[in-house]
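Below is the file structure.json, which contains JSON, C-alpha atoms.
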[["chain", "number", "residue", "atom", "x", "y", "z"],
["A", 1, "MET", "CA", -35.26, -44.79, -102.42],
["A", 2, "ALA", "CA", -37.67, -46.73, -104.63],
["A", 3, "LYS", "CA", -40.57, -44.55, -103.53],
["A", 4, "PHE", "CA", -38.91, -41.56, -105.21],
["A", 5, "LEU", "CA", -38.75, -43.33, -108.56],
["A", 6, "SER", "CA", -42.30, -44.58, -109.04],
["A", 7, "ARG", "CA", -44.31, -42.81, -111.72],
["A", 8, "ASP", "CA", -47.65, -42.53, -109.99],
["A", 9, "ILE", "CA", -46.85, -42.38, -106.31],
["A", 10, "ASN", "CA", -47.25, -39.23, -104.28],
["A", 11, "LEU", "CA", -43.80, -37.75, -103.70],
["A", 12, "MET", "CA", -43.97, -35.67, -100.54],
["A", 13, "GLY", "CA", -47.47, -34.52, -101.46],
["A", 14, "PHE", "CA", -46.95, -34.17, -105.21],
["A", 15, "GLN", "CA", -47.62, -36.54, -108.08],
["A", 16, "ILE", "CA", -44.79, -37.48, -110.42],
["A", 17, "SER", "CA", -46.60, -37.84, -113.70],
["A", 18, "HIS", "CA", -44.16, -36.76, -116.40],
["A", 19, "SER", "CA", -44.23, -38.38, -119.80],
["A", 20, "ASN", "CA", -41.44, -40.56, -121.15],
["A", 21, "LYS", "CA", -42.49, -39.69, -124.68],
["A", 22, "GLN", "CA", -40.87, -36.31, -124.86],
["A", 23, "LYS", "CA", -40.14, -35.17, -128.40],
["A", 24, "LEU", "CA", -37.23, -33.06, -129.44],
["A", 25, "LYS", "CA", -38.48, -29.50, -129.76],
["A", 26, "PRO", "CA", -37.63, -27.43, -132.83],
["A", 27, "PHE", "CA", -34.25, -25.84, -132.67],
["A", 28, "TYR", "CA", -34.04, -22.09, -132.42],
["A", 29, "ASP", "CA", -31.22, -19.57, -132.62],
["A", 30, "ASP", "CA", -29.33, -18.79, -129.43],
["A", 31, "PRO", "CA", -31.66, -16.64, -127.29],
["A", 32, "ASP", "CA", -28.65, -14.70, -126.01],
["A", 33, "SER", "CA", -27.98, -13.44, -129.53],
["A", 34, "MET", "CA", -31.45, -11.97, -129.95],
["A", 35, "LEU", "CA", -31.70, -8.19, -130.07],
["A", 36, "PRO", "CA", -33.52, -6.90, -127.01],
["A", 37, "ASP", "CA", -37.05, -5.59, -127.58],
["A", 38, "VAL", "CA", -37.38, -2.94, -124.91],
["A", 39, "GLU", "CA", -41.13, -2.59, -125.26],
["A", 40, "ALA", "CA", -41.74, -6.34, -125.23],
["A", 41, "TYR", "CA", -39.47, -6.80, -122.23],
["A", 42, "ALA", "CA", -41.22, -4.01, -120.33],
["A", 43, "SER", "CA", -44.56, -5.68, -121.05],
["A", 44, "TRP", "CA", -43.17, -9.06, -119.94],
["A", 45, "LEU", "CA", -41.98, -7.48, -116.67],
["A", 46, "LEU", "CA", -45.57, -6.63, -115.83],
["A", 47, "LYS", "CA", -46.24, -10.37, -115.61],
["A", 48, "HIS", "CA", -42.84, -11.29, -114.12],
["A", 49, "PRO", "CA", -41.75, -8.29, -112.00],
["A", 50, "SER", "CA", -38.15, -7.72, -111.02],
["A", 51, "ALA", "CA", -37.31, -9.70, -107.89],
["A", 52, "LEU", "CA", -35.00, -6.84, -106.90],
["A", 53, "ASN", "CA", -37.69, -4.20, -107.17],
["A", 54, "SER", "CA", -40.14, -6.55, -105.43],
["A", 55, "PHE", "CA", -37.68, -7.69, -102.78],
["A", 56, "ASP", "CA", -39.54, -6.19, -99.81],
["A", 57, "CYS", "CA", -42.80, -7.75, -101.00],
["A", 58, "ILE", "CA", -41.15, -11.16, -101.38],
["A", 59, "MET", "CA", -39.44, -11.09, -98.02],
["A", 60, "LYS", "CA", -42.60, -9.92, -96.28],
["A", 61, "GLU", "CA", -43.86, -13.45, -96.92],
["A", 62, "ALA", "CA", -40.65, -14.89, -95.43],
["A", 63, "LYS", "CA", -41.06, -13.42, -91.96],
["A", 64, "GLY", "CA", -41.41, -16.19, -89.42],
["A", 65, "LYS", "CA", -40.59, -18.85, -91.99],
["A", 66, "LYS", "CA", -37.53, -20.96, -92.81],
["A", 67, "VAL", "CA", -36.06, -19.76, -96.09],
["A", 68, "VAL", "CA", -34.50, -22.41, -98.35],
["A", 69, "VAL", "CA", -32.51, -21.33, -101.41],
["A", 70, "PHE", "CA", -32.11, -23.23, -104.70],
["A", 71, "LEU", "CA", -30.03, -22.06, -107.67],
["A", 72, "ASP", "CA", -29.04, -23.12, -111.15],
["A", 73, "TYR", "CA", -25.40, -22.56, -112.11],
["A", 74, "ASP", "CA", -24.78, -21.60, -115.77],
["A", 75, "GLY", "CA", -26.55, -18.38, -116.67],
["A", 76, "THR", "CA", -27.49, -17.81, -113.04],
["A", 77, "LEU", "CA", -24.38, -17.85, -110.87],
["A", 78, "SER", "CA", -22.07, -17.53, -113.85],
["A", 79, "PRO", "CA", -22.53, -15.98, -117.29],
["A", 80, "ILE", "CA", -23.09, -18.08, -120.40],
["A", 81, "VAL", "CA", -19.70, -18.25, -122.12],
["A", 82, "GLU", "CA", -18.29, -19.56, -125.39],
["A", 83, "ASP", "CA", -16.24, -22.30, -123.71],
["A", 84, "PRO", "CA", -18.30, -24.27, -121.12],
["A", 85, "ASP", "CA", -15.08, -25.18, -119.31],
["A", 86, "LYS", "CA", -14.55, -21.49, -118.56],
["A", 87, "ALA", "CA", -17.92, -20.72, -116.99],
["A", 88, "PHE", "CA", -16.30, -19.38, -113.84],
["A", 89, "MET", "CA", -18.28, -17.55, -111.20],
["A", 90, "SER", "CA", -16.89, -14.26, -109.95],
["A", 91, "THR", "CA", -15.17, -13.84, -106.61],
["A", 92, "GLU", "CA", -18.00, -11.50, -105.58],
["A", 93, "MET", "CA", -20.63, -14.09, -106.46],
["A", 94, "ARG", "CA", -18.82, -16.79, -104.50],
["A", 95, "ALA", "CA", -18.59, -14.53, -101.45],
["A", 96, "ALA", "CA", -22.29, -13.68, -101.67],
["A", 97, "LEU", "CA", -23.24, -17.33, -102.09],
["A", 98, "ARG", "CA", -21.05, -18.30, -99.14],
["A", 99, "GLU", "CA", -22.80, -15.72, -96.96],
["A", 100, "VAL", "CA", -26.27, -16.86, -98.06],
["A", 101, "ALA", "CA", -25.37, -20.50, -97.42],
["A", 102, "LYS", "CA", -24.24, -19.62, -93.89],
["A", 103, "GLN", "CA", -27.71, -18.30, -93.15],
["A", 104, "PHE", "CA", -30.03, -20.50, -95.20],
["A", 105, "PRO", "CA", -29.94, -24.11, -96.48],
["A", 106, "THR", "CA", -28.66, -23.60, -100.02],
["A", 107, "SER", "CA", -28.56, -26.01, -102.97],
["A", 108, "ILE", "CA", -27.31, -25.80, -106.54],
["A", 109, "ILE", "CA", -29.20, -27.94, -109.06],
["A", 110, "SER", "CA", -27.36, -28.01, -112.38],
["A", 111, "GLY", "CA", -27.21, -29.97, -115.60],
["A", 112, "ARG", "CA", -23.45, -30.19, -115.16],
["A", 113, "SER", "CA", -21.84, -33.10, -113.37],
["A", 114, "ARG", "CA", -21.92, -32.67, -109.61],
["A", 115, "ASP", "CA", -18.12, -32.71, -109.38],
["A", 116, "LYS", "CA", -17.80, -30.06, -112.09],
["A", 117, "VAL", "CA", -20.23, -27.70, -110.38],
["A", 118, "LYS", "CA", -18.49, -28.13, -107.05],
["A", 119, "GLU", "CA", -15.17, -27.44, -108.77],
["A", 120, "PHE", "CA", -16.59, -24.16, -110.08],
["A", 121, "VAL", "CA", -18.29, -23.09, -106.85],
["A", 122, "GLN", "CA", -15.61, -24.18, -104.36],
["A", 123, "LEU", "CA", -17.88, -24.05, -101.31],
["A", 124, "ASN", "CA", -18.43, -26.81, -98.76],
["A", 125, "ASN", "CA", -21.58, -25.45, -97.13],
["A", 126, "VAL", "CA", -23.74, -25.91, -100.23],
["A", 127, "CYS", "CA", -25.74, -28.95, -101.35],
["A", 128, "TYR", "CA", -24.87, -30.02, -104.91],
["A", 129, "ALA", "CA", -27.16, -31.77, -107.39],
["A", 130, "GLY", "CA", -25.69, -32.54, -110.80],
["A", 131, "SER", "CA", -27.08, -34.01, -114.03],
["A", 132, "HIS", "CA", -30.37, -32.12, -113.56],
["A", 133, "GLY", "CA", -30.85, -33.68, -110.14],
["A", 134, "LEU", "CA", -29.83, -37.24, -111.03],
["A", 135, "ASP", "CA", -26.77, -37.04, -108.77],
["A", 136, "ILE", "CA", -27.34, -35.42, -105.38],
["A", 137, "MET", "CA", -24.82, -34.98, -102.58],
["A", 138, "GLN", "CA", -25.37, -33.05, -99.36],
["A", 139, "PRO", "CA", -22.78, -32.07, -96.76],
["A", 140, "PRO", "CA", -23.75, -34.40, -93.90],
["A", 141, "LYS", "CA", -23.32, -31.83, -91.17],
["A", 142, "SER", "CA", -24.48, -28.58, -92.71],
["A", 143, "CYS", "CA", -27.32, -29.81, -94.92],
["A", 144, "ASP", "CA", -28.72, -33.20, -94.10],
["A", 145, "LYS", "CA", -30.58, -33.10, -90.80],
["A", 146, "LYS", "CA", -31.34, -36.82, -91.06],
["A", 147, "GLY", "CA", -27.69, -37.81, -91.13],
["A", 148, "ASN", "CA", -27.89, -39.37, -94.58],
["A", 149, "GLU", "CA", -24.54, -39.60, -96.31],
["A", 150, "GLY", "CA", -23.50, -40.57, -99.80],
["A", 151, "ALA", "CA", -24.90, -39.60, -103.17],
["A", 152, "PHE", "CA", -28.46, -40.24, -104.29],
["A", 153, "GLN", "CA", -28.25, -41.47, -107.90],
["A", 154, "PRO", "CA", -31.59, -42.75, -109.24],
["A", 155, "ALA", "CA", -30.17, -43.26, -112.76],
["A", 156, "LYS", "CA", -27.20, -45.39, -111.75],
["A", 157, "LEU", "CA", -28.33, -48.35, -113.86],
["A", 158, "PHE", "CA", -28.10, -46.18, -116.98],
["A", 159, "LEU", "CA", -24.36, -45.56, -116.62],
["A", 160, "PRO", "CA", -23.11, -48.34, -118.97],
["A", 161, "ALA", "CA", -25.47, -47.21, -121.75],
["A", 162, "ILE", "CA", -24.52, -43.57, -121.19],
["A", 163, "GLN", "CA", -20.87, -44.45, -121.69],
["A", 164, "GLU", "CA", -21.73, -46.27, -124.93],
["A", 165, "ILE", "CA", -23.61, -43.23, -126.21],
["A", 166, "SER", "CA", -20.73, -40.99, -125.26],
["A", 167, "MET", "CA", -18.31, -43.10, -127.32],
["A", 168, "GLU", "CA", -20.70, -43.18, -130.27],
["A", 169, "LEU", "CA", -21.09, -39.40, -130.16],
["A", 170, "GLU", "CA", -17.32, -39.01, -130.04],
["A", 171, "HIS", "CA", -17.06, -41.19, -133.12],
["A", 172, "LYS", "CA", -19.78, -39.31, -135.06],
["A", 173, "ILE", "CA", -19.15, -35.69, -134.15],
["A", 174, "GLY", "CA", -15.80, -35.68, -132.34],
["A", 175, "GLU", "CA", -14.07, -34.04, -135.28],
["A", 176, "THR", "CA", -16.77, -31.44, -135.96],
["A", 177, "GLN", "CA", -15.21, -28.00, -135.70],
["A", 178, "GLY", "CA", -16.27, -26.26, -132.48],
["A", 179, "ALA", "CA", -18.33, -29.14, -131.09],
["A", 180, "LYS", "CA", -17.69, -30.13, -127.49],
["A", 181, "ILE", "CA", -18.97, -33.27, -125.80],
["A", 182, "GLU", "CA", -19.28, -32.92, -122.03],
["A", 183, "ASP", "CA", -19.71, -36.04, -119.88],
["A", 184, "ASN", "CA", -21.95, -35.01, -116.97],
["A", 185, "MET", "CA", -22.04, -38.55, -115.59],
["A", 186, "PHE", "CA", -25.79, -39.13, -115.88],
["A", 187, "CYS", "CA", -26.34, -36.99, -118.97],
["A", 188, "ILE", "CA", -24.25, -36.00, -121.96],
["A", 189, "SER", "CA", -24.10, -32.42, -123.20],
["A", 190, "VAL", "CA", -23.16, -31.55, -126.77],
["A", 191, "HIS", "CA", -22.21, -27.86, -126.93],
["A", 192, "TYR", "CA", -22.40, -26.27, -130.37],
["A", 193, "ARG", "CA", -21.99, -22.56, -129.58],
["A", 194, "GLN", "CA", -18.64, -22.54, -131.41],
["A", 195, "VAL", "CA", -19.77, -24.69, -134.34],
["A", 196, "PRO", "CA", -20.01, -22.72, -137.62],
["A", 197, "PRO", "CA", -23.70, -21.93, -138.34],
["A", 198, "GLN", "CA", -23.62, -23.86, -141.62],
["A", 199, "ASP", "CA", -22.59, -27.04, -139.75],
["A", 200, "GLN", "CA", -25.03, -26.86, -136.84],
["A", 201, "GLY", "CA", -27.95, -28.51, -138.63],
["A", 202, "ASN", "CA", -25.85, -31.52, -139.62],
["A", 203, "LEU", "CA", -24.49, -31.80, -136.09],
["A", 204, "LYS", "CA", -27.98, -31.84, -134.60],
["A", 205, "GLU", "CA", -29.10, -34.56, -136.99],
["A", 206, "LYS", "CA", -26.11, -36.72, -136.08],
["A", 207, "VAL", "CA", -26.81, -36.36, -132.36],
["A", 208, "LYS", "CA", -30.49, -37.11, -132.93],
["A", 209, "SER", "CA", -29.59, -40.27, -134.88],
["A", 210, "VAL", "CA", -27.65, -41.61, -131.90],
["A", 211, "VAL", "CA", -30.64, -41.25, -129.57],
["A", 212, "GLU", "CA", -33.67, -41.99, -131.77],
["A", 213, "ASN", "CA", -33.26, -45.77, -131.57],
["A", 214, "ARG", "CA", -32.77, -45.77, -127.82],
["A", 215, "PRO", "CA", -36.21, -45.33, -126.20],
["A", 216, "GLU", "CA", -34.62, -45.38, -122.76],
["A", 217, "PHE", "CA", -33.01, -42.01, -123.53],
["A", 218, "ARG", "CA", -34.32, -38.63, -124.64],
["A", 219, "LEU", "CA", -32.82, -35.60, -126.32],
["A", 220, "THR", "CA", -33.49, -32.14, -124.89],
["A", 221, "GLU", "CA", -32.30, -28.67, -125.83],
["A", 222, "GLY", "CA", -30.78, -25.84, -123.81],
["A", 223, "LYS", "CA", -28.93, -22.67, -124.77],
["A", 224, "MET", "CA", -26.77, -23.80, -127.70],
["A", 225, "VAL", "CA", -26.51, -27.26, -126.17],
["A", 226, "LEU", "CA", -28.11, -30.66, -126.80],
["A", 227, "GLU", "CA", -28.47, -33.04, -123.89],
["A", 228, "VAL", "CA", -28.90, -36.80, -123.86],
["A", 229, "ARG", "CA", -30.69, -37.86, -120.69],
["A", 230, "PRO", "CA", -32.31, -41.04, -119.34],
["A", 231, "SER", "CA", -36.06, -41.24, -120.06],
["A", 232, "MET", "CA", -36.96, -41.61, -116.43],
["A", 233, "GLU", "CA", -39.40, -39.87, -114.14],
["A", 234, "TRP", "CA", -36.97, -37.41, -112.60],
["A", 235, "ASN", "CA", -36.19, -33.74, -113.17],
["A", 236, "LYS", "CA", -35.15, -30.61, -111.25],
["A", 237, "GLY", "CA", -38.58, -30.37, -109.66],
["A", 238, "ASP", "CA", -38.24, -33.88, -108.27],
["A", 239, "ALA", "CA", -34.72, -33.06, -107.08],
["A", 240, "LEU", "CA", -36.08, -30.00, -105.27],
["A", 241, "ASN", "CA", -38.71, -32.15, -103.54],
["A", 242, "TYR", "CA", -36.07, -34.72, -102.62],
["A", 243, "LEU", "CA", -33.82, -32.06, -101.10],
["A", 244, "LEU", "CA", -36.69, -30.50, -99.15],
["A", 245, "HIS", "CA", -37.56, -33.97, -97.85],
["A", 246, "ASN", "CA", -34.02, -34.73, -96.74],
["A", 247, "LEU", "CA", -33.70, -31.31, -95.16],
["A", 248, "GLY", "CA", -36.74, -32.11, -93.07],
["A", 249, "PHE", "CA", -38.98, -29.52, -94.75],
["A", 250, "SER", "CA", -41.30, -31.64, -96.91],
["A", 251, "ASN", "CA", -44.26, -31.45, -94.52],
["A", 252, "ALA", "CA", -43.45, -28.12, -92.89],
["A", 253, "ASN", "CA", -45.89, -25.24, -93.20],
["A", 254, "ASP", "CA", -43.34, -22.62, -92.24],
["A", 255, "VAL", "CA", -40.97, -23.02, -95.21],
["A", 256, "LEU", "CA", -40.44, -20.55, -98.04],
["A", 257, "SER", "CA", -38.41, -21.78, -101.03],
["A", 258, "LEU", "CA", -36.60, -19.45, -103.40],
["A", 259, "TYR", "CA", -35.54, -20.99, -106.70],
["A", 260, "ILE", "CA", -33.49, -18.93, -109.17],
["A", 261, "GLY", "CA", -32.67, -20.32, -112.62],
["A", 262, "ASP", "CA", -32.46, -19.39, -116.29],
["A", 263, "ASP", "CA", -32.82, -22.67, -118.16],
["A", 264, "GLN", "CA", -35.80, -24.53, -119.58],
["A", 265, "THR", "CA", -35.00, -27.40, -117.21],
["A", 266, "ASP", "CA", -35.58, -25.05, -114.26],
["A", 267, "GLU", "CA", -39.23, -24.76, -115.28],
["A", 268, "ASP", "CA", -39.93, -28.13, -113.60],
["A", 269, "ALA", "CA", -38.73, -26.68, -110.30],
["A", 270, "PHE", "CA", -40.71, -23.48, -110.89],
["A", 271, "LYS", "CA", -43.80, -25.62, -111.39],
["A", 272, "VAL", "CA", -43.27, -27.42, -108.07],
["A", 273, "ILE", "CA", -42.86, -24.19, -106.10],
["A", 274, "ALA", "CA", -45.78, -22.51, -107.85],
["A", 275, "GLY", "CA", -47.92, -25.57, -107.10],
["A", 276, "LYS", "CA", -47.00, -25.55, -103.43],
["A", 277, "ARG", "CA", -47.50, -21.77, -103.21],
["A", 278, "GLU", "CA", -44.89, -21.85, -100.47],
["A", 279, "GLY", "CA", -42.11, -19.92, -102.16],
["A", 280, "PHE", "CA", -41.10, -17.87, -105.17],
["A", 281, "PRO", "CA", -39.82, -19.14, -108.54],
["A", 282, "ILE", "CA", -37.50, -16.54, -110.10],
["A", 283, "VAL", "CA", -36.35, -16.74, -113.73],
["A", 284, "VAL", "CA", -33.12, -15.17, -114.99],
["A", 285, "SER", "CA", -33.70, -13.68, -118.43],
["A", 286, "SER", "CA", -32.95, -10.50, -120.37],
["A", 287, "ILE", "CA", -35.60, -11.28, -123.00],
["A", 288, "PRO", "CA", -39.32, -12.14, -122.80],
["A", 289, "LYS", "CA", -39.90, -15.89, -122.54],
["A", 290, "GLU", "CA", -42.60, -18.34, -121.53],
["A", 291, "THR", "CA", -42.08, -19.28, -117.91],
["A", 292, "LYS", "CA", -43.87, -20.51, -114.81],
["A", 293, "ALA", "CA", -41.75, -18.17, -112.69],
["A", 294, "TRP", "CA", -43.49, -15.35, -110.83],
["A", 295, "TYR", "CA", -40.54, -12.97, -110.64],
["A", 296, "SER", "CA", -37.45, -12.29, -112.73],
["A", 297, "LEU", "CA", -33.86, -11.12, -112.62],
["A", 298, "ARG", "CA", -32.18, -9.82, -115.76],
["A", 299, "ASP", "CA", -28.76, -11.54, -115.55],
["A", 300, "PRO", "CA", -26.17, -12.95, -113.10],
["A", 301, "SER", "CA", -25.28, -9.42, -111.96],
["A", 302, "GLU", "CA", -28.84, -9.03, -110.68],
["A", 303, "VAL", "CA", -28.66, -12.49, -109.11],
["A", 304, "LEU", "CA", -25.59, -11.25, -107.21],
["A", 305, "ALA", "CA", -27.46, -8.14, -106.06],
["A", 306, "PHE", "CA", -30.41, -10.28, -104.94],
["A", 307, "LEU", "CA", -28.20, -12.67, -102.95],
["A", 308, "LEU", "CA", -26.38, -9.79, -101.26],
["A", 309, "ARG", "CA", -29.67, -8.23, -100.32],
["A", 310, "LEU", "CA", -31.00, -11.56, -99.06],
["A", 311, "ALA", "CA", -28.01, -12.03, -96.74],
["A", 312, "LYS", "CA", -28.33, -8.45, -95.50],
["A", 313, "TRP", "CA", -32.06, -8.90, -94.90],
["A", 314, "ASN", "CA", -31.51, -11.95, -92.72],
["A", 315, "LYS", "CA", -28.88, -10.17, -90.65],
["A", 316, "SER", "CA", -31.21, -7.22, -90.14],
["A", 317, "GLN", "CA", -33.96, -9.58, -89.01],
["A", 318, "ALA", "CA", -31.59, -11.19, -86.49],
["A", 319, "SER", "CA", -30.54, -7.77, -85.17],
["A", 320, "PHE", "CA", -34.16, -6.70, -84.84],
["A", 321, "LEU", "CA", -35.04, -9.83, -82.86],
["A", 322, "GLN", "CA", -32.10, -9.28, -80.53],
["A", 323, "LEU", "CA", -33.13, -5.68, -79.87],
["A", 324, "ASP", "CA", -36.71, -6.75, -79.33],
["A", 325, "TYR", "CA", -35.60, -9.41, -76.87],
["A", 326, "VAL", "CA", -33.48, -6.93, -74.90]]

Starting from the file, give its structure as structure tokens.
Amino acid sequence: MAKFLSRDINLMGFQISHSNKQKLKPFYDDPDSMLPDVEAYASWLLKHPSALNSFDCIMKEAKGKKVVVFLDYDGTLSPIVEDPDKAFMSTEMRAALREVAKQFPTSIISGRSRDKVKEFVQLNNVCYAGSHGLDIMQPPKSCDKKGNEGAFQPAKLFLPAIQEISMELEHKIGETQGAKIEDNMFCISVHYRQVPPQDQGNLKEKVKSVVENRPEFRLTEGKMVLEVRPSMEWNKGDALNYLLHNLGFSNANDVLSLYIGDDQTDEDAFKVIAGKREGFPIVVSSIPKETKAWYSLRDPSEVLAFLLRLAKWNKSQASFLQLDYV
């Protein structure tokens, strides 16, 4: 697997050239708490049209191709909630995802630990990638056409240091009201959604102090969450390429990838698909935001509607081919 970890090699046709020197971006208020600007959102939709309204246009490009589906979890398959341990997906979403996964190779790439995401999703016909793609497991029969078994974990050597950081964070902020430290195996998430506003600045500084003297780690920001991750050349875009490779689709010209996600970390995957021009990156957002995605869905309820329509579309295509054959 060494070829997947080199900085300057060509990974399945694409250069991995990310920078280790990523700085912590300024912290902003929770985007979910922002009041919607109807006019601004309508203007934003002109650049990132609704994937539901554009469904027929999207699927026109899929005819005769092998569709591969990639999804984030939090904010995409489940709503963003106060308690990260209660980010449950609905029964309807699970049923829709199950149906999609029966018809298309389907993967979930999340910042959560792989085991945690699988515990939430409860499906065996889905490929799971946790820790932003640093821990990938595929069902050997339903997903991996090459027969590869076991997890792919390019950051395994970082585990001892990650555990040390986790203990130090527990010592520094463990008693902060509302703070929650989540061990995602290859990254550590510090949730502060329930931390009183007056304490959030101090919390962020304490987390930053734990990481700033460890150049082998970096601090990134999500929706009311700080994440400590290894400073290595790997992200969700690389995980997507790895999964396509193991699925046997890396050099195929008849593949169309659909990636649906709401987080900043999904932008790396959007960039890969946009660069290939062999699929559609779809962002989940109810507010205008900078994104490399071409299409958008407003919230998980629209993701559900899109997945249901996708499954129905494939069945209609199969029925049409059978009638045509007869």

I need the residue nearest Val67 in chain A from this list: A:Gln103, A:Ala51, A:Phe88, A:Val255. Use all atoms listed in the file for the distance.
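Of A:Gln103, A:Ala51, A:Phe88, A:Val255, the one nearest Val67 in chain A is A:Val255, counting all atoms listed in the file.
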
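Going from CA of Leu123 in chain A to CA of Ala274 in chain A covers 28.7 Å.
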
Per-residue nearest contacts of range 103-176 of chain A to range 204-223 of chain A (10 Å; all atoms listed in the file) as CSV:
residue,atom,partner,partner_atom,distance
A:Gly111,CA,A:Gly222,CA,9.9
A:Phe158,CA,A:Glu216,CA,8.7
A:Ala161,CA,A:Phe217,CA,9.3
A:Ile162,CA,A:Phe217,CA,8.9
A:Ile165,CA,A:Val210,CA,7.2
A:Ser166,CA,A:Val210,CA,9.6
A:Glu168,CA,A:Val210,CA,7.3
A:Leu169,CA,A:Val207,CA,6.8
A:Lys172,CA,A:Lys206,CA,6.9
A:Ile173,CA,A:Lys206,CA,7.3

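You will find CA of Cys57 in chain A at 21.3 Å from CA of Thr106 in chain A.
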
Can you measure CA of Ser301 in chain A to CA of Gly261 in chain A for me? One decimal in Å is fine.
13.2 Å

List every protein, DNA or RNA residue that has an atom no more than 8 Å from (-26.4, -11.9, -114.3) in the file's coordinate frame, counting only C-alpha atoms, and report them as a VMD selection string.
chain A and resid 75 to 79 284 297 to 304

For Leu71 in chain A, which of A:Ala42, A:Ala269, A:Met137, A:Ala305 is the closest residue, counting all atoms listed in the file?
A:Ala269

Could I get range 219-231 of chain A rebuilt with N, CA, C and O atoms, written as a PDB file, in the coordinates of the input?
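Below is the file that was written, result.pdb:
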ATOM      1  N   LEU A 219     -33.663 -36.718-125.922  1.00  0.00           N
ATOM      2  CA  LEU A 219     -32.820 -35.600-126.320  1.00  0.00           C
ATOM      3  C   LEU A 219     -33.549 -34.299-126.004  1.00  0.00           C
ATOM      4  O   LEU A 219     -34.695 -34.096-126.418  1.00  0.00           O
ATOM      5  N   THR A 220     -32.909 -33.432-125.245  1.00  0.00           N
ATOM      6  CA  THR A 220     -33.490 -32.140-124.890  1.00  0.00           C
ATOM      7  C   THR A 220     -32.553 -31.024-125.346  1.00  0.00           C
ATOM      8  O   THR A 220     -31.395 -31.271-125.684  1.00  0.00           O
ATOM      9  N   GLU A 221     -33.066 -29.808-125.334  1.00  0.00           N
ATOM     10  CA  GLU A 221     -32.300 -28.670-125.830  1.00  0.00           C
ATOM     11  C   GLU A 221     -32.197 -27.573-124.788  1.00  0.00           C
ATOM     12  O   GLU A 221     -33.167 -27.250-124.099  1.00  0.00           O
ATOM     13  N   GLY A 222     -30.997 -26.998-124.663  1.00  0.00           N
ATOM     14  CA  GLY A 222     -30.780 -25.840-123.810  1.00  0.00           C
ATOM     15  C   GLY A 222     -30.241 -24.707-124.658  1.00  0.00           C
ATOM     16  O   GLY A 222     -30.472 -24.652-125.874  1.00  0.00           O
ATOM     17  N   LYS A 223     -29.498 -23.803-124.055  1.00  0.00           N
ATOM     18  CA  LYS A 223     -28.930 -22.670-124.770  1.00  0.00           C
ATOM     19  C   LYS A 223     -27.681 -23.095-125.533  1.00  0.00           C
ATOM     20  O   LYS A 223     -26.610 -23.251-124.962  1.00  0.00           O
ATOM     21  N   MET A 224     -27.860 -23.354-126.821  1.00  0.00           N
ATOM     22  CA  MET A 224     -26.770 -23.800-127.700  1.00  0.00           C
ATOM     23  C   MET A 224     -26.148 -25.099-127.195  1.00  0.00           C
ATOM     24  O   MET A 224     -24.945 -25.314-127.309  1.00  0.00           O
ATOM     25  N   VAL A 225     -26.989 -25.971-126.654  1.00  0.00           N
ATOM     26  CA  VAL A 225     -26.510 -27.260-126.170  1.00  0.00           C
ATOM     27  C   VAL A 225     -27.613 -28.305-126.330  1.00  0.00           C
ATOM     28  O   VAL A 225     -28.807 -28.006-126.157  1.00  0.00           O
ATOM     29  N   LEU A 226     -27.213 -29.503-126.746  1.00  0.00           N
ATOM     30  CA  LEU A 226     -28.110 -30.660-126.800  1.00  0.00           C
ATOM     31  C   LEU A 226     -27.744 -31.569-125.644  1.00  0.00           C
ATOM     32  O   LEU A 226     -26.560 -31.734-125.339  1.00  0.00           O
ATOM     33  N   GLU A 227     -28.749 -32.177-125.033  1.00  0.00           N
ATOM     34  CA  GLU A 227     -28.470 -33.040-123.890  1.00  0.00           C
ATOM     35  C   GLU A 227     -29.158 -34.383-124.041  1.00  0.00           C
ATOM     36  O   GLU A 227     -30.361 -34.453-124.318  1.00  0.00           O
ATOM     37  N   VAL A 228     -28.380 -35.447-123.850  1.00  0.00           N
ATOM     38  CA  VAL A 228     -28.900 -36.800-123.860  1.00  0.00           C
ATOM     39  C   VAL A 228     -29.098 -37.223-122.418  1.00  0.00           C
ATOM     40  O   VAL A 228     -28.153 -37.241-121.633  1.00  0.00           O
ATOM     41  N   ARG A 229     -30.353 -37.551-122.079  1.00  0.00           N
ATOM     42  CA  ARG A 229     -30.690 -37.860-120.690  1.00  0.00           C
ATOM     43  C   ARG A 229     -31.516 -39.131-120.615  1.00  0.00           C
ATOM     44  O   ARG A 229     -32.260 -39.450-121.545  1.00  0.00           O
ATOM     45  N   PRO A 230     -31.453 -39.869-119.511  1.00  0.00           N
ATOM     46  CA  PRO A 230     -32.310 -41.040-119.340  1.00  0.00           C
ATOM     47  C   PRO A 230     -33.788 -40.655-119.381  1.00  0.00           C
ATOM     48  O   PRO A 230     -34.178 -39.616-118.850  1.00  0.00           O
ATOM     49  N   SER A 231     -34.612 -41.490-120.009  1.00  0.00           N
ATOM     50  CA  SER A 231     -36.060 -41.240-120.060  1.00  0.00           C
ATOM     51  C   SER A 231     -36.712 -41.787-118.801  1.00  0.00           C
ATOM     52  O   SER A 231     -37.478 -42.746-118.837  1.00  0.00           O
TER      53      SER A 231
END
